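Only one structure is covered here, and it is reproduced in the block below.
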There are 2 protein chains.
Amino acid sequence: MPKNVVIIGAVALGPKAACRFKRLEPDAQVTMIDADSLISYGGCGIPYFISGDVSDAKELMTTSFHMVRDAKFFQGAKGVNVMTRTKALSLDRPGKRVICRNLDTEAQVELTYDKLVLATGSRPNRLNIPGADLENVFVVANMGHAEAIKSQLTAGAVAKAVVIGAGFIGLEMAEALTDLWGIEVTIIEFMDHVLPGLIDPNLAGMVQKKLQDEGVTCLLGERVQAIEGQGRVTGVVTDKRNIEADLVIMAVGARPNSDLAREAGLAITPCGAIEVNSHLQTSDPDIYAGGDCVENLHLITGKQIYLPLGSLANRHGRVIGSNLAGLPATFDGVVGNLIIKVFDHAVAGAGLTLSRARAAGFDAVSAFVVQGDRAHFYPEMEFIYLELVVDRATARVLGIQGLSSNGQGLAARVDAVAAVLKYQPTIADISNLEVAYSPPFASAMDIINALANAAENILAGRNRVIEVDEFDRLFSSGQSGEAVVLDVRGWGNAEPYVKKYPDRWVNIPQEQLSTRVNEVPRDKRLVLVCNSGARSYEAQITLNEAGLTNTCNLQGGVAAIKKWGLDLLGEGPEGDSSGH
Amino acid sequence: MPKNVVIIGAVALGPKAACRFKRLEPDAQVTMIDADSLISYGGCGIPYFISGDVSDAKELMTTSFHMVRDAKFFQGAKGVNVMTRTKALSLDRPGKRVICRNLDTEAQVELTYDKLVLATGSRPNRLNIPGADLENVFVVANMGHAEAIKSQLTAGAVAKAVVIGAGFIGLEMAEALTDLWGIEVTIIEFMDHVLPGLIDPNLAGMVQKKLQDEGVTCLLGERVQAIEGQGRVTGVVTDKRNIEADLVIMAVGARPNSDLAREAGLAITPCGAIEVNSHLQTSDPDIYAGGDCVENLHLITGKQIYLPLGSLANRHGRVIGSNLAGLPATFDGVVGNLIIKVFDHAVAGAGLTLSRARAAGFDAVSAFVVQGDRAHFYPEMEFIYLELVVDRATARVLGIQGLSSNGQGLAARVDAVAAVLKYQPTIADISNLEVAYSPPFASAMDIINALANAAENILAGRNRVIEVDEFDRLFSSGQSGEAVVLDVRGWGNAEPYVKKYPDRWVNIPQEQLSTRVNEVPRDKRLVLVCNSGARSYEAQITLNEAGLTNTCNLQGGVAAIKKWGLDLLGEGPEGDSSGH
């Protein structure tokens with residue numbers, strides 16, 4: 001007898017599971033229900049709808065070939081029955097029934113199933129602070145929120161906005177509000193850097209610099225205490241100041257929507273997600289769950305991680321669709337691979353950051369390299385800033401993160417490392433990772449290989465390094481008298497620095513160092529600096545030979561200093577270091 | 001006692017090995033010799049120097065930070081002694097000496113070594129045909145050739161050029177001559193498609209279309225018999241025609257330059273390369289070799305492959321440098337990952353093509369998918385055309401190839417698959433490969449995942465497919481009466497085709513198919529067509545259910561037809577199919 005499958009939730013995972021299953025078992029009956037009237041939309045496109053890049057909400061709901069994915073489409077093209085405005089109230093597992101209510105008619109509906117899929121997604125977190133329920137305080141989790149925010153913008157009602165939370169959605173929303181709408185945006189983040197948990201402080205400082213260059217104010221390490229206003233928002237109060245605002249976006253994360261499952265007695269994880277096995281089967285073998293209402297096994301830490309991503313929901317959906325039809329597909333876990341557009345830059349990362357790796361118990365270190373995306377002689381070229389996180393004892397690669405104005409080029413490197421992370425690669429594997437080379441697309445010794453080589457030298461103790469955030473503290477702290485910069489570039493590059501900091505910035509070009517080693521200051525710690533960190537590494541070796549070992553090499557060199565925004569020459573806002 | 005290392009060859013591998021070794025053993029003595037006066041240049045940049053994208057040959061010889069890598073640079077910055085215009089004549093292995101001649105003074109020089117590195121590179125093949133030694137017949141293998149060709153161009157002496165060979169260098173040279181210099185270029189290739197051995201015919205047809213759209217004439221399956229002229233070239237004679245030309249580029253491959261090694265009694269492989277182990281050590285443990293004079297172990301076929309690439313030479317160089325210093329670094333092999341710019345498109349591939357996989361003994365099949373590089377709702381979007389080659393019995397992934405106007409986006413997908421190929425991934429691994437998703441950079445179900453999913457359906461017999469080259473033969477052969485196209489797109493898309501081919505092009509939109517199945521022609525083989533191959537796959541399932549199984553699904557759909565250049569609607573040169 002043909003199977004009867006019910007799917008609760010019709011945004012990403014639900015439609016994918018439904019369609020895959022129907023292709024495998026065309027004579028089965030599939031009913032997909034959703035409390036909303038809008039279904040099967042690209043939720044990750046919401047910031048681009050709000051920004052205006054995507055002009056019509058309908059575009060988020062169409063196929064690649066412009067068919068609107070509504071109930072009629074699913075019936076005609078996919079053979080899937082869809083019931084919108086239908087809320088699942090409870091599960092009767094012994095009777096294999098879903099008890100629903102039609103939100104328009106208030107009628108109660110009962111759907112029987114052979115197999116059930118829970119695609120109930122996530123719920124956005126909301127801060128429990130005074131004023132959180134004012135008008136113009138929004139979360140960004142569904143098309144309803146998106147349309148409400150956009151109607152505020154199109155009405156011209158917003159001049160100043162506050163975004164609470166500097167995670168992915170917070171940054172995407174900050175860009176959306178700034179770029180097209182010209183709104184004065186302030187991001188407030190409780191942690192001390194943007195994208196906390198997603199990238200490390202050195203890269204985060206570069207992202208923050210980018211945001212500030214684009215006019216976004218970043219307030220970090222600051223806690224929102226209240227939202228003020230009567231009816232509409234007028235301002236936000238933090239532990240440090242009051243900020244005017246006529247719109248507030250709360251982008252403070254999300255949690256699994258697992259109420260229905262919990263009430264039905266299904267196993268729930270400590271973080272509140274629906275527990276599933278590698279077939280995405282819940283503790284009831286006739287019920288599957290996936291997407292934003294489940295956790296994923298992290299293939300590096302071996303622990304569960306909550307990662308509500310549209311891409312995972314789609315892949316989960318296919319695995320569930322296969323299992324519904326008796327194909328034993330599995331979803332084995334994730335390494336976490338993320339990318340976000342930040343104005344004309346992209347930030348990407350896979351696996352563990354340095355801080356996450358350490359928190360997971362690894363004795364981790366990182367290497368940082370700045371290099372062009374193409375052969376350096378190719379006329380067009382953009383820099384990539386890339387960090388590799390490795391385990392000291394085993395040389396195992398744990399993660400990679402980066403920043404570039406060439407987003408696809410950055411993705412090429414991060415995706416390649418992400419792809420191999422589950423195989424537990426060592427540095428040597430990445431040192432010889434085969435990036436396709438020709439001058440318009442990569443370097444002969446590509447940044448990804450150079451990055452692994454740098455990590456190898458650091459692990460072997462051959463390259464003693466310092467990161468740009470540490471350099472900033474050292475140089476700006478006033479304690480810099482303890483250290484002297486030895487700039488090993490040519491005089492033309494070094495001159496303005498030497499003139500501005502005659503007591504602590506010395507120039508000897510790397511190629512002259514072996515013959516001028518007697519000029520090197522010997523009483524202080526030396527910070528070796530060149531444009532990228534490569535020549536200063538050579539200099540460190542020369543100094544080692546001369547018995548000068550109290551040196552450290554600034555990874556990324558002056559390129560990192562500039563990207564980080566440390567304005568050593570007082571050149572103004574382009575190099576403004578405020579916020580660090 | 002400090003080691004004494006001699007390196008023969010100073011273009012890519014030599015300098016890399018020298019510098020790595022000197023950083024590891026700064027007190028060692030390293031001497032690098034080269035018969036040429038120009039050293040350490042980016043040979044892969046030669047086509048871009050000839051095109052004018054790189055204006056000065058010096059740029060190919062500078063570091064990222066504009067220092068010219070000449071003998072003085074290597075001495076000062078790297079501590080490496082360089083002797084240019086110095087040709088190695090023979091090796092005295094028992095005496096550990098290299099016998100050299102200074103090409104300027106004719107003086108004989110003897111260099112002793114503890115360890116020797118052979119970085120003797122490759123030699124370009126030349127066709128043994130009448131006229132091959134005429135003026136204006138060039139190979140493209142070093143800066144001397146590059147400067148000679150460019151001086152012809154700048155002198156305005158070239159209006160028509162013939163490029164013999166449609167491999168990577170042939171195509172790069174065709175573009176270089178056409179794009180900036182406006183030269184009328186004809187490519188002549190002995191095999192029946194461009195990039196033979198590197199991509200399969202369906203993709204090759206799309207590359208050929210691109211070349212033709214840019215004004216390059218492609219003559220395939222045609223053999224050059226002679227080059228005509230007196231002194232200077234005036235024309236080329238093939239087995240089919242005479243072609244006027246005042247410049248001929250021979251780009252017919254290269255072979256290892258292993259004479260010195262052979263004469264010294266080192267082991268040589270059947271293809272003529274210097275035999276090395278995974279430490280890149282020759283049969284004499286004190287002599288290393290790498291780069292274009294050695295072969296590589298292919299990690300998929302398990303056989304040796306000759307792959308003269310600048311990127312491999314650089315990675316080999318580092319491995320040799322490490323070994324010279326006693327670090328046991330290895331180079332384990334390659335999967336072959338290549339990319340080439342073809343005007344505003346890129347072509348990339350890793351692992352085995354379908355034909356190479358079959359030649360290697362695999363029962364291989366391929367899947368082909370056309371999809372956007374970004375979320376389909378994102379305002380900017382470019383198509384990627386991607387093929388996956390898999391082993392039928394094991395579902396192991398053997399290779400990937402593709403084409404796109406978004407070169408970096410194509411590289412992101414190909415690099416990611418290339419990175420995992422050595423781990424013997426199955427289709428399921430690629431189906432869940434974690435491409436970083438956000439709408440500006442990828443799709444939620446990214447093309448790479450969709451491609452694996454398509455392959456899974458093909459292997460399982462659920463998706464019976466036809467490739468665009470086969471479709472072209474079927475539809476254009478006149479035997480098309482045997483097959484009817486069932487176009488399952490909307491009437492608006494299908495109408496012009498139905499009107500032009502009323503006897504063999506039928507339209508029933510996919511979403512109406514289950515209710516209109518009685519209208520489907522039953523006496524002929526049905527070729528199912530939509531825009532991309534996805535809806536036609538759905539249609540195939542619907543027809544299966546109705547008992548109509550004599551169907552095949554055109555992979556890539558109309559998008560592939562157009563990219564291939566099959567001009568079904570007679571729309572002119574944009575859709576010109578000549579050459580297929």
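In the structure tokens, the first chain shown is A, the next is B, and so on; residue numbers restart at 1 for each chain, and ligands run from 1 in the order shown.
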Polymer residues at most 7 Å from Thr112 in chain B, only C-alpha atoms, same-chain spacing of 4 or more positions, as JSON, numbers by chain: {"B": [96, 97, 98]}
Atoms to include: N, CA and C atoms. Write the selected residues as a compact mmCIF listing (two decimals), in the first residue's frame.
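Saved to out_39.txt:
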```
# COMPACT_ATOMS: atom_id res chain seq x y z
N LYS B 96 81.10 13.34 -7.46
CA LYS B 96 80.14 14.35 -6.99
C LYS B 96 80.46 15.74 -7.55
N ARG B 97 80.56 15.77 -8.89
CA ARG B 97 80.86 17.03 -9.55
C ARG B 97 79.89 17.26 -10.70
N VAL B 98 79.59 18.53 -10.95
CA VAL B 98 78.84 18.94 -12.14
C VAL B 98 79.83 19.67 -13.04
```
In range 75-127 of chain A, DSSP strand (DSSP E or B) residues written as number ranges by chain: A: 81-83, 86-92, 97-102, 108-112, 115-118, 122-124
Top pick for closest residue to chain B, considering A:Glu244, A:Glu387, A:Glu189, A:Asp429 and counting only C-alpha atoms: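 When distances to chain B are compared using only C-alpha atoms, the smallest one comes from A:Asp429.
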Long-range neighbours of Gly215 in chain B as a ChimeraX atom specification, 9 Å cut-off, only C-alpha atoms, 2 positions minimum in chain: /B:178,184-185,210-213,217
With 7 Å as the cut-off and only C-alpha atoms counted, what is the closest atom pair between each nearby residue of chain B and chain A? Distances in Å to one decimal, ordered by chain and number, as a Markdown table.
```
| residue | atom | partner | partner_atom | distance |
| --- | --- | --- | --- | --- |
| B:Arg23 | CA | A:Ile541 | CA | 6.6 |
| B:Cys44 | CA | A:Pro439 | CA | 6.7 |
| B:Gly45 | CA | A:Pro439 | CA | 6.3 |
| B:Asp53 | CA | A:Pro379 | CA | 6.4 |
| B:Val54 | CA | A:Pro379 | CA | 6.4 |
| B:Glu59 | CA | A:Phe377 | CA | 5.7 |
| B:Leu60 | CA | A:Phe377 | CA | 5.9 |
| B:Ser64 | CA | A:His376 | CA | 5.4 |
| B:Gly76 | CA | A:Glu511 | CA | 4.6 |
| B:Ala77 | CA | A:Glu511 | CA | 3.9 |
| B:Gly310 | CA | A:Ala444 | CA | 5.8 |
| B:Ser311 | CA | A:Ala444 | CA | 4.1 |
| B:Asn314 | CA | A:Met445 | CA | 6.0 |
| B:Arg315 | CA | A:Asn432 | CA | 6.5 |
| B:Asn337 | CA | A:Ala436 | CA | 4.9 |
| B:Leu338 | CA | A:Ala436 | CA | 4.7 |
| B:Ile339 | CA | A:Ala436 | CA | 5.4 |
| B:Ile340 | CA | A:Ser438 | CA | 6.2 |
| B:His376 | CA | A:Ser64 | CA | 5.4 |
| B:Phe377 | CA | A:Glu59 | CA | 5.7 |
| B:Tyr378 | CA | A:Val54 | CA | 6.5 |
| B:Pro379 | CA | A:Asp53 | CA | 6.4 |
| B:Gln408 | CA | A:Gly409 | CA | 5.3 |
| B:Gly409 | CA | A:Gln408 | CA | 5.3 |
| B:Ala411 | CA | A:Ala412 | CA | 6.0 |
| B:Ala412 | CA | A:Ala412 | CA | 3.5 |
| B:Arg413 | CA | A:Ala412 | CA | 7.0 |
| B:Asp415 | CA | A:Ala416 | CA | 5.6 |
| B:Ala416 | CA | A:Ala416 | CA | 3.8 |
| B:Ala418 | CA | A:Glu434 | CA | 6.7 |
| B:Ala419 | CA | A:Ala416 | CA | 5.7 |
| B:Val420 | CA | A:Val420 | CA | 5.6 |
| B:Asn432 | CA | A:Arg315 | CA | 6.5 |
| B:Leu433 | CA | A:Ala419 | CA | 6.2 |
| B:Glu434 | CA | A:Asn337 | CA | 6.2 |
| B:Val435 | CA | A:Asp415 | CA | 5.6 |
| B:Ala436 | CA | A:Leu338 | CA | 4.7 |
| B:Tyr437 | CA | A:Ile339 | CA | 6.1 |
| B:Ser438 | CA | A:Ile339 | CA | 6.1 |
| B:Pro439 | CA | A:Gly45 | CA | 6.3 |
| B:Phe441 | CA | A:Gln408 | CA | 6.5 |
| B:Ala444 | CA | A:Ser311 | CA | 4.2 |
| B:Met445 | CA | A:Ser311 | CA | 5.9 |
| B:Gln510 | CA | A:Ala77 | CA | 6.2 |
| B:Glu511 | CA | A:Ala77 | CA | 3.9 |
| B:Gln512 | CA | A:Gly76 | CA | 6.6 |
| B:Glu538 | CA | A:Arg23 | CA | 7.0 |
| B:Ile541 | CA | A:Arg23 | CA | 6.6 |
```
Contacts of Trp491 in chain B within 8 Å, only C-alpha atoms, excl. fewer than 2 positions in-chain, as a PyMOL selection string: chain B and resi 489+493-495+507-509
One-decimal distance in Å that lies between CA of Pro256 in chain B and CA of Asn125 in chain B: 10.1 Å
Top pick for closest residue to Ala534 in chain A, considering A:Tyr113, A:Phe368, A:Phe21, A:Phe362 and counting only C-alpha atoms: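 Smallest distance to Ala534 in chain A is found for A:Phe368.
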Nearby residues (only C-alpha atoms) at most 10 Å from Gln555 in chain B, same-chain spacing under 3 positions excluded, as JSON, numbers by chain: {"B": [367, 368, 369, 370, 387, 454, 463, 464, 465, 466, 467, 468, 471, 528, 529, 530, 531, 532, 533, 534, 536, 537, 552, 558, 559, 560, 561]}
Non-local contacts of Val109 in chain B (10 Å; only C-alpha atoms; under 5 positions in same chain excluded) as a list in words: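 With the cut-off at 10 Å, the set is Thr86, Lys87, Ala88, Leu89, Arg97, Val98, Ile99, Cys100, Arg101 and Asn102 of chain B.
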Could you write out that same residue set with C-alpha atoms as a compact mmCIF listing (two decimals), in the first residue's frame?
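Generated output (out01.txt):
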```txt
# COMPACT_ATOMS: atom_id res chain seq x y z
CA THR B 86 76.05 28.43 -17.24
CA LYS B 87 75.16 25.15 -18.87
CA ALA B 88 75.56 21.82 -17.08
CA LEU B 89 77.33 19.50 -19.51
CA ARG B 97 80.86 17.03 -9.55
CA VAL B 98 78.84 18.94 -12.14
CA ILE B 99 80.83 19.84 -15.25
CA CYS B 100 79.55 23.14 -16.67
CA ARG B 101 80.37 25.60 -19.35
CA ASN B 102 80.01 29.36 -19.13
```
